[in-house]
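Pasted below: model_22.pdb, PDB, C-alpha atoms and all ligand atoms.
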```pdb
ATOM      1  CA  MET A  95     -18.760  -7.090 -11.245  1.00  0.00           C
ATOM      2  CA  ALA A  96     -18.213  -3.853  -9.273  1.00  0.00           C
ATOM      3  CA  THR A  97     -20.221  -0.772 -10.219  1.00  0.00           C
ATOM      4  CA  SER A  98     -18.307   2.382 -11.212  1.00  0.00           C
ATOM      5  CA  GLN A  99     -19.529   4.018  -7.996  1.00  0.00           C
ATOM      6  CA  GLU A 100     -18.009   1.238  -5.872  1.00  0.00           C
ATOM      7  CA  ILE A 101     -14.746   1.503  -7.789  1.00  0.00           C
ATOM      8  CA  GLU A 102     -14.547   5.229  -7.237  1.00  0.00           C
ATOM      9  CA  LYS A 103     -15.587   4.894  -3.605  1.00  0.00           C
ATOM     10  CA  ASN A 104     -12.767   2.530  -2.788  1.00  0.00           C
ATOM     11  CA  VAL A 105      -9.862   4.354  -4.378  1.00  0.00           C
ATOM     12  CA  VAL A 106      -8.361   7.053  -2.173  1.00  0.00           C
ATOM     13  CA  LEU A 107      -5.905   9.267  -4.052  1.00  0.00           C
ATOM     14  CA  LEU A 108      -3.670  11.410  -1.841  1.00  0.00           C
ATOM     15  CA  PRO A 109      -4.293  15.139  -2.406  1.00  0.00           C
ATOM     16  CA  GLN A 110      -2.133  16.149  -5.385  1.00  0.00           C
ATOM     17  CA  THR A 111      -0.449  19.048  -3.606  1.00  0.00           C
ATOM     18  CA  ASN A 112       2.595  20.833  -4.976  1.00  0.00           C
ATOM     19  CA  GLN A 113       4.636  19.142  -2.282  1.00  0.00           C
ATOM     20  CA  LEU A 114       3.504  15.651  -3.280  1.00  0.00           C
ATOM     21  CA  ILE A 115       4.048  16.333  -6.971  1.00  0.00           C
ATOM     22  CA  GLY A 116       7.525  17.610  -6.086  1.00  0.00           C
ATOM     23  CA  LEU A 117       8.317  14.365  -4.242  1.00  0.00           C
ATOM     24  CA  TYR A 118       7.124  12.281  -7.179  1.00  0.00           C
ATOM     25  CA  SER A 119       9.138  14.423  -9.572  1.00  0.00           C
ATOM     26  CA  ILE A 120      12.283  13.406  -7.687  1.00  0.00           C
ATOM     27  CA  ILE A 121      11.601   9.674  -7.526  1.00  0.00           C
ATOM     28  CA  ARG A 122      10.383   9.488 -11.140  1.00  0.00           C
ATOM     29  CA  ASP A 123      13.571  11.151 -12.425  1.00  0.00           C
ATOM     30  CA  GLN A 124      15.821   8.442 -13.877  1.00  0.00           C
ATOM     31  CA  LYS A 125      18.887  10.460 -12.808  1.00  0.00           C
ATOM     32  CA  THR A 126      17.918  10.327  -9.115  1.00  0.00           C
ATOM     33  CA  LYS A 127      20.447   8.266  -7.160  1.00  0.00           C
ATOM     34  CA  ARG A 128      19.434   5.595  -4.676  1.00  0.00           C
ATOM     35  CA  GLY A 129      19.997   7.708  -1.542  1.00  0.00           C
ATOM     36  CA  ASP A 130      17.526  10.347  -2.696  1.00  0.00           C
ATOM     37  CA  PHE A 131      15.179   7.749  -4.158  1.00  0.00           C
ATOM     38  CA  VAL A 132      14.945   6.056  -0.750  1.00  0.00           C
ATOM     39  CA  PHE A 133      14.634   9.309   1.191  1.00  0.00           C
ATOM     40  CA  TYR A 134      11.840  10.800  -0.941  1.00  0.00           C
ATOM     41  CA  SER A 135      10.007   7.492  -1.391  1.00  0.00           C
ATOM     42  CA  ASP A 136      10.014   7.155   2.398  1.00  0.00           C
ATOM     43  CA  ARG A 137       8.410  10.573   2.692  1.00  0.00           C
ATOM     44  CA  ILE A 138       5.586   9.517   0.362  1.00  0.00           C
ATOM     45  CA  ILE A 139       5.214   6.205   2.202  1.00  0.00           C
ATOM     46  CA  ARG A 140       4.748   8.105   5.443  1.00  0.00           C
ATOM     47  CA  LEU A 141       1.910  10.110   3.862  1.00  0.00           C
ATOM     48  CA  LEU A 142       0.275   6.893   2.646  1.00  0.00           C
ATOM     49  CA  VAL A 143       0.455   5.340   6.094  1.00  0.00           C
ATOM     50  CA  GLU A 144      -1.038   8.449   7.683  1.00  0.00           C
ATOM     51  CA  GLU A 145      -3.890   8.342   5.146  1.00  0.00           C
ATOM     52  CA  GLY A 146      -4.405   4.629   5.856  1.00  0.00           C
ATOM     53  CA  LEU A 147      -4.759   5.463   9.549  1.00  0.00           C
ATOM     54  CA  ASN A 148      -7.286   8.180   8.650  1.00  0.00           C
ATOM     55  CA  GLN A 149      -9.460   5.502   7.055  1.00  0.00           C
ATOM     56  CA  LEU A 150      -9.733   3.315  10.164  1.00  0.00           C
ATOM     57  CA  PRO A 151     -12.969   3.396  12.132  1.00  0.00           C
ATOM     58  CA  VAL A 152     -13.020   5.181  15.485  1.00  0.00           C
ATOM     59  CA  GLU A 153     -15.450   5.474  18.362  1.00  0.00           C
ATOM     60  CA  LYS A 154     -16.171   8.470  20.534  1.00  0.00           C
ATOM     61  CA  ALA A 155     -14.063   8.705  23.664  1.00  0.00           C
ATOM     62  CA  THR A 156     -14.474  11.099  26.554  1.00  0.00           C
ATOM     63  CA  ILE A 157     -11.182  12.234  28.027  1.00  0.00           C
ATOM     64  CA  GLN A 158     -10.657  13.778  31.453  1.00  0.00           C
ATOM     65  CA  CYS A 159      -8.360  16.749  30.955  1.00  0.00           C
ATOM     66  CA  HIS A 160      -6.521  18.885  33.509  1.00  0.00           C
ATOM     67  CA  GLY A 161      -8.726  20.737  35.976  1.00  0.00           C
ATOM     68  CA  GLY A 162     -11.478  18.119  35.571  1.00  0.00           C
ATOM     69  CA  ASN A 163     -12.481  19.371  32.129  1.00  0.00           C
ATOM     70  CA  GLU A 164     -13.831  16.868  29.631  1.00  0.00           C
ATOM     71  CA  TYR A 165     -12.883  16.497  25.980  1.00  0.00           C
ATOM     72  CA  THR A 166     -14.869  14.408  23.548  1.00  0.00           C
ATOM     73  CA  GLY A 167     -12.412  12.846  21.161  1.00  0.00           C
ATOM     74  CA  ALA A 168     -11.884   9.582  19.319  1.00  0.00           C
ATOM     75  CA  LYS A 169     -10.245   6.251  19.897  1.00  0.00           C
ATOM     76  CA  PHE A 170      -9.278   3.650  17.275  1.00  0.00           C
ATOM     77  CA  LEU A 171     -11.491   0.585  17.086  1.00  0.00           C
ATOM     78  CA  GLY A 172      -9.754  -2.731  16.617  1.00  0.00           C
ATOM     79  CA  LYS A 173      -6.222  -3.906  16.005  1.00  0.00           C
ATOM     80  CA  ILE A 174      -4.099  -3.522  12.894  1.00  0.00           C
ATOM     81  CA  CYS A 175      -1.167  -5.274  11.291  1.00  0.00           C
ATOM     82  CA  GLY A 176       0.930  -4.778   8.174  1.00  0.00           C
ATOM     83  CA  VAL A 177       1.577  -7.311   5.423  1.00  0.00           C
ATOM     84  CA  SER A 178       4.283  -6.565   2.897  1.00  0.00           C
ATOM     85  CA  ILE A 179       4.567  -8.115  -0.542  1.00  0.00           C
ATOM     86  CA  VAL A 180       8.260  -8.995  -0.686  1.00  0.00           C
ATOM     87  CA  ARG A 181      10.568  -7.547  -1.993  1.00  0.00           C
ATOM     88  CA  ALA A 182       9.468  -3.988  -2.837  1.00  0.00           C
ATOM     89  CA  GLY A 183       6.686  -3.923  -0.223  1.00  0.00           C
ATOM     90  CA  GLU A 184       9.261  -4.299   2.546  1.00  0.00           C
ATOM     91  CA  SER A 185      10.352  -0.730   1.805  1.00  0.00           C
ATOM     92  CA  MET A 186       7.054   0.415   3.345  1.00  0.00           C
ATOM     93  CA  GLU A 187       7.430  -1.412   6.661  1.00  0.00           C
ATOM     94  CA  MET A 188       9.495   1.292   8.377  1.00  0.00           C
ATOM     95  CA  GLY A 189       6.953   3.976   7.514  1.00  0.00           C
ATOM     96  CA  LEU A 190       4.296   1.869   9.188  1.00  0.00           C
ATOM     97  CA  ARG A 191       6.488   1.206  12.230  1.00  0.00           C
ATOM     98  CA  ASP A 192       7.220   4.925  12.538  1.00  0.00           C
ATOM     99  CA  CYS A 193       3.492   5.528  13.075  1.00  0.00           C
ATOM    100  CA  CYS A 194       2.459   2.320  14.853  1.00  0.00           C
ATOM    101  CA  ARG A 195       5.026   1.287  17.442  1.00  0.00           C
ATOM    102  CA  SER A 196       5.587  -2.512  17.628  1.00  0.00           C
ATOM    103  CA  VAL A 197       3.024  -3.204  14.899  1.00  0.00           C
ATOM    104  CA  ARG A 198       2.937  -6.841  13.758  1.00  0.00           C
ATOM    105  CA  ILE A 199       4.074  -7.364  10.182  1.00  0.00           C
ATOM    106  CA  GLY A 200       3.524 -10.421   8.014  1.00  0.00           C
ATOM    107  CA  LYS A 201       5.202 -11.200   4.700  1.00  0.00           C
ATOM    108  CA  ILE A 202       3.999 -12.632   1.432  1.00  0.00           C
ATOM    109  CA  LEU A 203       6.668 -13.355  -1.165  1.00  0.00           C
ATOM    110  CA  ILE A 204       5.205 -12.887  -4.623  1.00  0.00           C
ATOM    111  CA  GLN A 205       7.357 -12.279  -7.696  1.00  0.00           C
ATOM    112  CA  ARG A 206       6.250 -11.299 -11.189  1.00  0.00           C
ATOM    113  CA  ASP A 207       7.652 -13.528 -13.892  1.00  0.00           C
ATOM    114  CA  GLU A 208      10.003 -11.326 -15.948  1.00  0.00           C
ATOM    115  CA  GLU A 209       8.749 -12.759 -19.262  1.00  0.00           C
ATOM    116  CA  THR A 210       5.005 -13.073 -18.689  1.00  0.00           C
ATOM    117  CA  ALA A 211       4.480 -10.538 -15.850  1.00  0.00           C
ATOM    118  CA  LEU A 212       2.330 -13.190 -14.139  1.00  0.00           C
ATOM    119  CA  PRO A 213       2.686 -13.397 -10.344  1.00  0.00           C
ATOM    120  CA  LYS A 214       3.959 -16.452  -8.509  1.00  0.00           C
ATOM    121  CA  LEU A 215       3.473 -17.094  -4.801  1.00  0.00           C
ATOM    122  CA  PHE A 216       6.533 -18.481  -3.001  1.00  0.00           C
ATOM    123  CA  TYR A 217       6.024 -17.931   0.721  1.00  0.00           C
ATOM    124  CA  GLU A 218       3.699 -16.479   3.320  1.00  0.00           C
ATOM    125  CA  LYS A 219       4.150 -15.876   7.050  1.00  0.00           C
ATOM    126  CA  LEU A 220       1.355 -13.971   8.736  1.00  0.00           C
ATOM    127  CA  PRO A 221       0.347 -13.114  12.312  1.00  0.00           C
ATOM    128  CA  GLU A 222      -1.704 -15.954  13.856  1.00  0.00           C
ATOM    129  CA  ASP A 223      -4.596 -13.676  14.759  1.00  0.00           C
ATOM    130  CA  ILE A 224      -4.678 -11.826  11.421  1.00  0.00           C
ATOM    131  CA  SER A 225      -8.383 -12.640  10.904  1.00  0.00           C
ATOM    132  CA  GLU A 226      -9.179 -10.325  13.849  1.00  0.00           C
ATOM    133  CA  ARG A 227      -7.174  -7.403  12.458  1.00  0.00           C
ATOM    134  CA  TYR A 228      -7.363  -4.563   9.995  1.00  0.00           C
ATOM    135  CA  VAL A 229      -4.594  -5.206   7.466  1.00  0.00           C
ATOM    136  CA  PHE A 230      -2.404  -2.626   5.731  1.00  0.00           C
ATOM    137  CA  LEU A 231      -1.237  -4.453   2.619  1.00  0.00           C
ATOM    138  CA  LEU A 232       2.028  -2.858   1.468  1.00  0.00           C
ATOM    139  CA  ASP A 233       3.334  -2.778  -2.104  1.00  0.00           C
ATOM    140  CA  PRO A 234       4.560   0.346  -3.898  1.00  0.00           C
ATOM    141  CA  MET A 235       3.530  -0.702  -7.432  1.00  0.00           C
ATOM    142  CA  LEU A 236       0.108  -1.709  -8.780  1.00  0.00           C
ATOM    143  CA  ALA A 237       0.717  -2.525 -12.452  1.00  0.00           C
ATOM    144  CA  THR A 238      -1.446  -5.355 -13.842  1.00  0.00           C
ATOM    145  CA  GLY A 239      -2.842  -5.977 -10.365  1.00  0.00           C
ATOM    146  CA  GLY A 240      -1.841  -9.655 -10.475  1.00  0.00           C
ATOM    147  CA  SER A 241       0.450  -9.549  -7.423  1.00  0.00           C
ATOM    148  CA  ALA A 242      -1.964  -7.583  -5.243  1.00  0.00           C
ATOM    149  CA  ILE A 243      -4.885  -9.839  -6.216  1.00  0.00           C
ATOM    150  CA  MET A 244      -2.849 -12.899  -5.284  1.00  0.00           C
ATOM    151  CA  ALA A 245      -1.874 -11.345  -1.947  1.00  0.00           C
ATOM    152  CA  VAL A 246      -5.514 -10.550  -1.115  1.00  0.00           C
ATOM    153  CA  GLU A 247      -6.433 -14.159  -1.947  1.00  0.00           C
ATOM    154  CA  VAL A 248      -3.905 -15.277   0.680  1.00  0.00           C
ATOM    155  CA  LEU A 249      -5.339 -12.846   3.251  1.00  0.00           C
ATOM    156  CA  LEU A 250      -8.918 -13.971   2.602  1.00  0.00           C
ATOM    157  CA  SER A 251      -7.886 -17.612   2.893  1.00  0.00           C
ATOM    158  CA  ARG A 252      -6.614 -16.731   6.382  1.00  0.00           C
ATOM    159  CA  GLY A 253     -10.004 -15.317   7.371  1.00  0.00           C
ATOM    160  CA  VAL A 254      -9.335 -11.582   6.957  1.00  0.00           C
ATOM    161  CA  GLN A 255     -12.482  -9.638   5.991  1.00  0.00           C
ATOM    162  CA  ALA A 256     -12.120  -7.916   2.600  1.00  0.00           C
ATOM    163  CA  ASP A 257     -13.433  -4.592   3.911  1.00  0.00           C
ATOM    164  CA  ARG A 258     -10.721  -4.634   6.593  1.00  0.00           C
ATOM    165  CA  ILE A 259      -7.913  -4.662   4.022  1.00  0.00           C
ATOM    166  CA  PHE A 260      -6.317  -1.354   2.982  1.00  0.00           C
ATOM    167  CA  PHE A 261      -3.894  -1.621   0.079  1.00  0.00           C
ATOM    168  CA  LEU A 262      -1.242   1.122   0.359  1.00  0.00           C
ATOM    169  CA  ASN A 263       0.585   1.827  -2.866  1.00  0.00           C
ATOM    170  CA  LEU A 264       2.732   4.605  -4.371  1.00  0.00           C
ATOM    171  CA  LEU A 265       1.812   4.297  -8.018  1.00  0.00           C
ATOM    172  CA  ALA A 266      -1.059   2.597  -9.794  1.00  0.00           C
ATOM    173  CA  ALA A 267      -1.923   1.942 -13.435  1.00  0.00           C
ATOM    174  CA  PRO A 268      -5.592   2.251 -14.442  1.00  0.00           C
ATOM    175  CA  GLU A 269      -5.495  -1.322 -15.762  1.00  0.00           C
ATOM    176  CA  GLY A 270      -4.348  -2.600 -12.360  1.00  0.00           C
ATOM    177  CA  ILE A 271      -6.935  -0.599 -10.426  1.00  0.00           C
ATOM    178  CA  LYS A 272      -9.695  -1.953 -12.693  1.00  0.00           C
ATOM    179  CA  ALA A 273      -8.589  -5.581 -12.422  1.00  0.00           C
ATOM    180  CA  PHE A 274      -8.146  -5.327  -8.660  1.00  0.00           C
ATOM    181  CA  GLN A 275     -11.425  -3.591  -7.982  1.00  0.00           C
ATOM    182  CA  GLU A 276     -13.417  -5.905 -10.220  1.00  0.00           C
ATOM    183  CA  LYS A 277     -12.137  -8.799  -8.168  1.00  0.00           C
ATOM    184  CA  TYR A 278     -12.206  -7.154  -4.738  1.00  0.00           C
ATOM    185  CA  PRO A 279     -14.519  -4.117  -4.768  1.00  0.00           C
ATOM    186  CA  SER A 280     -14.583  -3.776  -1.004  1.00  0.00           C
ATOM    187  CA  VAL A 281     -10.809  -3.583  -0.524  1.00  0.00           C
ATOM    188  CA  LYS A 282      -9.762   0.049  -0.319  1.00  0.00           C
ATOM    189  CA  ILE A 283      -6.788   1.190  -2.418  1.00  0.00           C
ATOM    190  CA  ILE A 284      -4.871   4.147  -1.004  1.00  0.00           C
ATOM    191  CA  THR A 285      -2.478   5.490  -3.620  1.00  0.00           C
ATOM    192  CA  GLY A 286      -0.314   8.542  -4.166  1.00  0.00           C
ATOM    193  CA  GLY A 287      -0.498   8.530  -7.944  1.00  0.00           C
ATOM    194  CA  ILE A 288      -2.494   7.094 -10.819  1.00  0.00           C
ATOM    195  CA  ASP A 289      -0.539   6.994 -14.081  1.00  0.00           C
ATOM    196  CA  GLU A 290      -1.573   6.747 -17.724  1.00  0.00           C
ATOM    197  CA  LYS A 291      -1.180   3.101 -18.708  1.00  0.00           C
ATOM    198  CA  LEU A 292       1.047   0.040 -18.893  1.00  0.00           C
ATOM    199  CA  ASP A 293       3.677  -0.448 -21.591  1.00  0.00           C
ATOM    200  CA  GLU A 294       4.190  -3.647 -23.593  1.00  0.00           C
ATOM    201  CA  ASN A 295       6.308  -5.091 -20.744  1.00  0.00           C
ATOM    202  CA  LYS A 296       3.558  -4.315 -18.214  1.00  0.00           C
ATOM    203  CA  TYR A 297       5.536  -1.474 -16.652  1.00  0.00           C
ATOM    204  CA  ILE A 298       3.725   1.674 -15.523  1.00  0.00           C
ATOM    205  CA  VAL A 299       3.879   4.691 -17.903  1.00  0.00           C
ATOM    206  CA  PRO A 300       5.301   7.230 -17.182  1.00  0.00           C
ATOM    207  CA  GLY A 301       6.048   5.355 -13.938  1.00  0.00           C
ATOM    208  CA  LEU A 302       9.390   5.273 -12.186  1.00  0.00           C
ATOM    209  CA  GLY A 303      10.991   2.025 -13.399  1.00  0.00           C
ATOM    210  CA  ASP A 304      11.526  -0.997 -11.181  1.00  0.00           C
ATOM    211  CA  PHE A 305      10.825   0.222  -7.666  1.00  0.00           C
ATOM    212  CA  GLY A 306      12.512  -2.714  -5.905  1.00  0.00           C
ATOM    213  CA  ASP A 307      15.704  -2.343  -7.920  1.00  0.00           C
ATOM    214  CA  ARG A 308      15.847   1.413  -7.398  1.00  0.00           C
ATOM    215  CA  TYR A 309      15.133   1.203  -3.632  1.00  0.00           C
ATOM    216  CA  TYR A 310      17.451  -1.734  -2.860  1.00  0.00           C
ATOM    217  CA  CYS A 311      19.969  -2.325  -5.616  1.00  0.00           C
ATOM    218  CA  ILE A 312      20.805   0.265  -8.243  1.00  0.00           C
TER     219      ILE A 312
HETATM  220  C1  LIG A 401       6.696  -5.508  -8.499  1.00  0.00           C
HETATM  221  C2  LIG A 401       5.911  -4.680  -7.521  1.00  0.00           C
HETATM  222  C3  LIG A 401       4.625  -5.466  -7.365  1.00  0.00           C
HETATM  223  C4  LIG A 401       4.433  -6.013  -8.753  1.00  0.00           C
HETATM  224  C5  LIG A 401       3.411  -5.171  -9.466  1.00  0.00           C
HETATM  225  O1  LIG A 401       7.300  -6.548  -7.878  1.00  0.00           O
HETATM  226  O2  LIG A 401       6.560  -4.476  -6.306  1.00  0.00           O
HETATM  227  O3  LIG A 401       4.708  -6.508  -6.430  1.00  0.00           O
HETATM  228  O4  LIG A 401       5.696  -5.923  -9.429  1.00  0.00           O
HETATM  229  O5  LIG A 401       3.099  -5.707 -10.690  1.00  0.00           O
HETATM  230  P1  LIG A 401       1.684  -6.361 -11.013  1.00  0.00           P
HETATM  231  O6  LIG A 401       0.642  -5.428 -10.500  1.00  0.00           O
HETATM  232  O7  LIG A 401       1.711  -6.468 -12.509  1.00  0.00           O
HETATM  233  O8  LIG A 401       1.623  -7.707 -10.366  1.00  0.00           O
HETATM  234  P2  LIG A 401       8.253  -7.632  -8.573  1.00  0.00           P
HETATM  235  O9  LIG A 401       7.496  -8.918  -8.782  1.00  0.00           O
HETATM  236  O10 LIG A 401       8.924  -7.048  -9.764  1.00  0.00           O
HETATM  237  O11 LIG A 401       9.296  -7.979  -7.464  1.00  0.00           O
HETATM  238  P3  LIG A 401      10.188  -7.054  -6.506  1.00  0.00           P
HETATM  239  O12 LIG A 401       9.312  -6.680  -5.357  1.00  0.00           O
HETATM  240  O13 LIG A 401      11.294  -7.968  -6.109  1.00  0.00           O
HETATM  241  O14 LIG A 401      10.684  -5.872  -7.282  1.00  0.00           O
HETATM  242  N1  LIG A 402       6.950  -3.219 -10.950  1.00  0.00           N
HETATM  243  C1  LIG A 402       7.677  -2.085 -10.851  1.00  0.00           C
HETATM  244  O1  LIG A 402       8.555  -1.982  -9.997  1.00  0.00           O
HETATM  245  N2  LIG A 402       7.404  -1.074 -11.696  1.00  0.00           N
HETATM  246  C2  LIG A 402       6.451  -1.163 -12.657  1.00  0.00           C
HETATM  247  O2  LIG A 402       6.246  -0.192 -13.407  1.00  0.00           O
HETATM  248  C3  LIG A 402       5.718  -2.352 -12.747  1.00  0.00           C
HETATM  249  C4  LIG A 402       5.980  -3.360 -11.876  1.00  0.00           C
END
```
Take the structure in this file and express it as structure tokens.
Ligand code: PRP
Ligand code: URA
Amino acid sequence: MATSQEIEKNVVLLPQTNQLIGLYSIIRDQKTKRGDFVFYSDRIIRLLVEEGLNQLPVEKATIQCHGGNEYTGAKFLGKICGVSIVRAGESMEMGLRDCCRSVRIGKILIQRDEETALPKLFYEKLPEDISERYVFLLDPMLATGGSAIMAVEVLLSRGVQADRIFFLNLLAAPEGIKAFQEKYPSVKIITGGIDEKLDENKYIVPGLGDFGDRYYCI
């Protein structure tokens, strides 16, 4: 069982700036059409990816600048890859590619049962050397936590270290954060918003509806 300190330590909430709240106000609005939903979600996704990159370990690096001057900077340690939870998680792949050129991306197809809200694993295809990488797990919604927990199980079974997994997500319910962190306290959650609760259908309240439908279909 994770202590409350560990839980707090491993949840990174993006700074709730006026800009970020403005972006969320657009994507939460049920009247927002798909074009704007995609555009403003993509802007939030970019911020999440940048924050994920901030969390990666670096080592000191000395750079030779013009005129023979030296600059002591930083260099990333290790290799990364992305893993999206299909379908909605695929919406976050481009934001990752925009920051990390030619990044490898694996896929895990998990769908929540519409009646029970329980996750079901259908398919996984991951980079061969994933156990040597830091993994950005991509899924915009953390509701009950069932899908994300199942995805982390897959990653661990492939030899990924739990403390090298960063779960990037747009909106989380407290119930999902609790379930996820109790199971995997050393996996860091990077989220843009933590909402009030889940409703009787296990949807996030106030939430934004079905992210996958709004991004791809409606
Ligand atoms: C959504 C979402 C997460 C999951 C979150 O996907 O993208 O994967 O639900 O819910 P949970 O935390 O209760 O598991 P869904 O299964 O609806 O499929 P989709 O990606 O096709 O929309
Ligand atoms: N999946 C979504 O897309 N939205 C929710 O609120 C819960 C699960």
(request) Figure out the distance between atom CA of A:Val254 and atom CA of A:Gly146, please, to one decimal in Å. (result) 17.0 Å
Around all the atoms of ligand LIG 402 (chain A) listed in the file, draw an axis-aligned box and extend it by 5 Å on each of the six sides; I want its centre and edge lengths in Å to one decimal, as JSON.
```
{"center_x": 7.1, "center_y": -1.8, "center_z": -11.7, "size_x": 12.8, "size_y": 13.2, "size_z": 13.4}
```
(request) Given the file shown, enumerate the residues that the PyMOL selection byres (((chain A and resi 225-235) around 6) and not hetatm) captures and present them as number ranges by chain. (result) A: 173-179, 183, 223-224, 236, 253-254, 258-265
(request) Measure the distance from atom CA of A:Ser280 to atom CA of A:Ser241 in Å and round it to one decimal. (result)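 Atom CA of A:Ser280 sits 17.3 Å away from atom CA of A:Ser241.
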(request) Using only C-alpha atoms and all ligand atoms, find each residue with an atom at most 10 Å away from ligand LIG 402 (chain A) and format the answer as an MDAnalysis selection string. (result) chainID A and resid 181:182 205:206 208 211 233:239 241 265:267 289 291:293 295:309
Write the residues of the selection above to a file with C-alpha atoms, as an mmCIF file, in the frame of the given file.
```cif
data_model
loop_
_atom_site.group_PDB
_atom_site.id
_atom_site.type_symbol
_atom_site.label_atom_id
_atom_site.label_comp_id
_atom_site.auth_asym_id
_atom_site.auth_seq_id
_atom_site.Cartn_x
_atom_site.Cartn_y
_atom_site.Cartn_z
ATOM 1 C CA ARG A 181 10.568 -7.547 -1.993
ATOM 2 C CA ALA A 182 9.468 -3.988 -2.837
ATOM 3 C CA GLN A 205 7.357 -12.279 -7.696
ATOM 4 C CA ARG A 206 6.250 -11.299 -11.189
ATOM 5 C CA GLU A 208 10.003 -11.326 -15.948
ATOM 6 C CA ALA A 211 4.480 -10.538 -15.850
ATOM 7 C CA ASP A 233 3.334 -2.778 -2.104
ATOM 8 C CA PRO A 234 4.560 0.346 -3.898
ATOM 9 C CA MET A 235 3.530 -0.702 -7.432
ATOM 10 C CA LEU A 236 0.108 -1.709 -8.780
ATOM 11 C CA ALA A 237 0.717 -2.525 -12.452
ATOM 12 C CA THR A 238 -1.446 -5.355 -13.842
ATOM 13 C CA GLY A 239 -2.842 -5.977 -10.365
ATOM 14 C CA SER A 241 0.450 -9.549 -7.423
ATOM 15 C CA LEU A 265 1.812 4.297 -8.018
ATOM 16 C CA ALA A 266 -1.059 2.597 -9.794
ATOM 17 C CA ALA A 267 -1.923 1.942 -13.435
ATOM 18 C CA ASP A 289 -0.539 6.994 -14.081
ATOM 19 C CA LYS A 291 -1.180 3.101 -18.708
ATOM 20 C CA LEU A 292 1.047 0.040 -18.893
ATOM 21 C CA ASP A 293 3.677 -0.448 -21.591
ATOM 22 C CA ASN A 295 6.308 -5.091 -20.744
ATOM 23 C CA LYS A 296 3.558 -4.315 -18.214
ATOM 24 C CA TYR A 297 5.536 -1.474 -16.652
ATOM 25 C CA ILE A 298 3.725 1.674 -15.523
ATOM 26 C CA VAL A 299 3.879 4.691 -17.903
ATOM 27 C CA PRO A 300 5.301 7.230 -17.182
ATOM 28 C CA GLY A 301 6.048 5.355 -13.938
ATOM 29 C CA LEU A 302 9.390 5.273 -12.186
ATOM 30 C CA GLY A 303 10.991 2.025 -13.399
ATOM 31 C CA ASP A 304 11.526 -0.997 -11.181
ATOM 32 C CA PHE A 305 10.825 0.222 -7.666
ATOM 33 C CA GLY A 306 12.512 -2.714 -5.905
ATOM 34 C CA ASP A 307 15.704 -2.343 -7.920
ATOM 35 C CA ARG A 308 15.847 1.413 -7.398
ATOM 36 C CA TYR A 309 15.133 1.203 -3.632
#
```
(message) Measuring between all atoms listed in the file, which one of A:Tyr165, A:Phe274, A:Phe170, A:Tyr134 shows the shortest distance to ligand LIG 401 (chain A)?
(response)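 The shortest atom-to-atom distance to ligand LIG 401 (chain A) comes from A:Phe274.
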(message) Using Å and a single decimal, report how far atom CA of A:Arg198 sits from atom CA of A:Val180.
(response) 15.5 Å
(request) Run the PyMOL selection byres (((chain A and resi 168) around 7) and not hetatm) against the file shown and list the residues it catches, as number ranges by chain. (result) A: 152-155, 167, 169-170
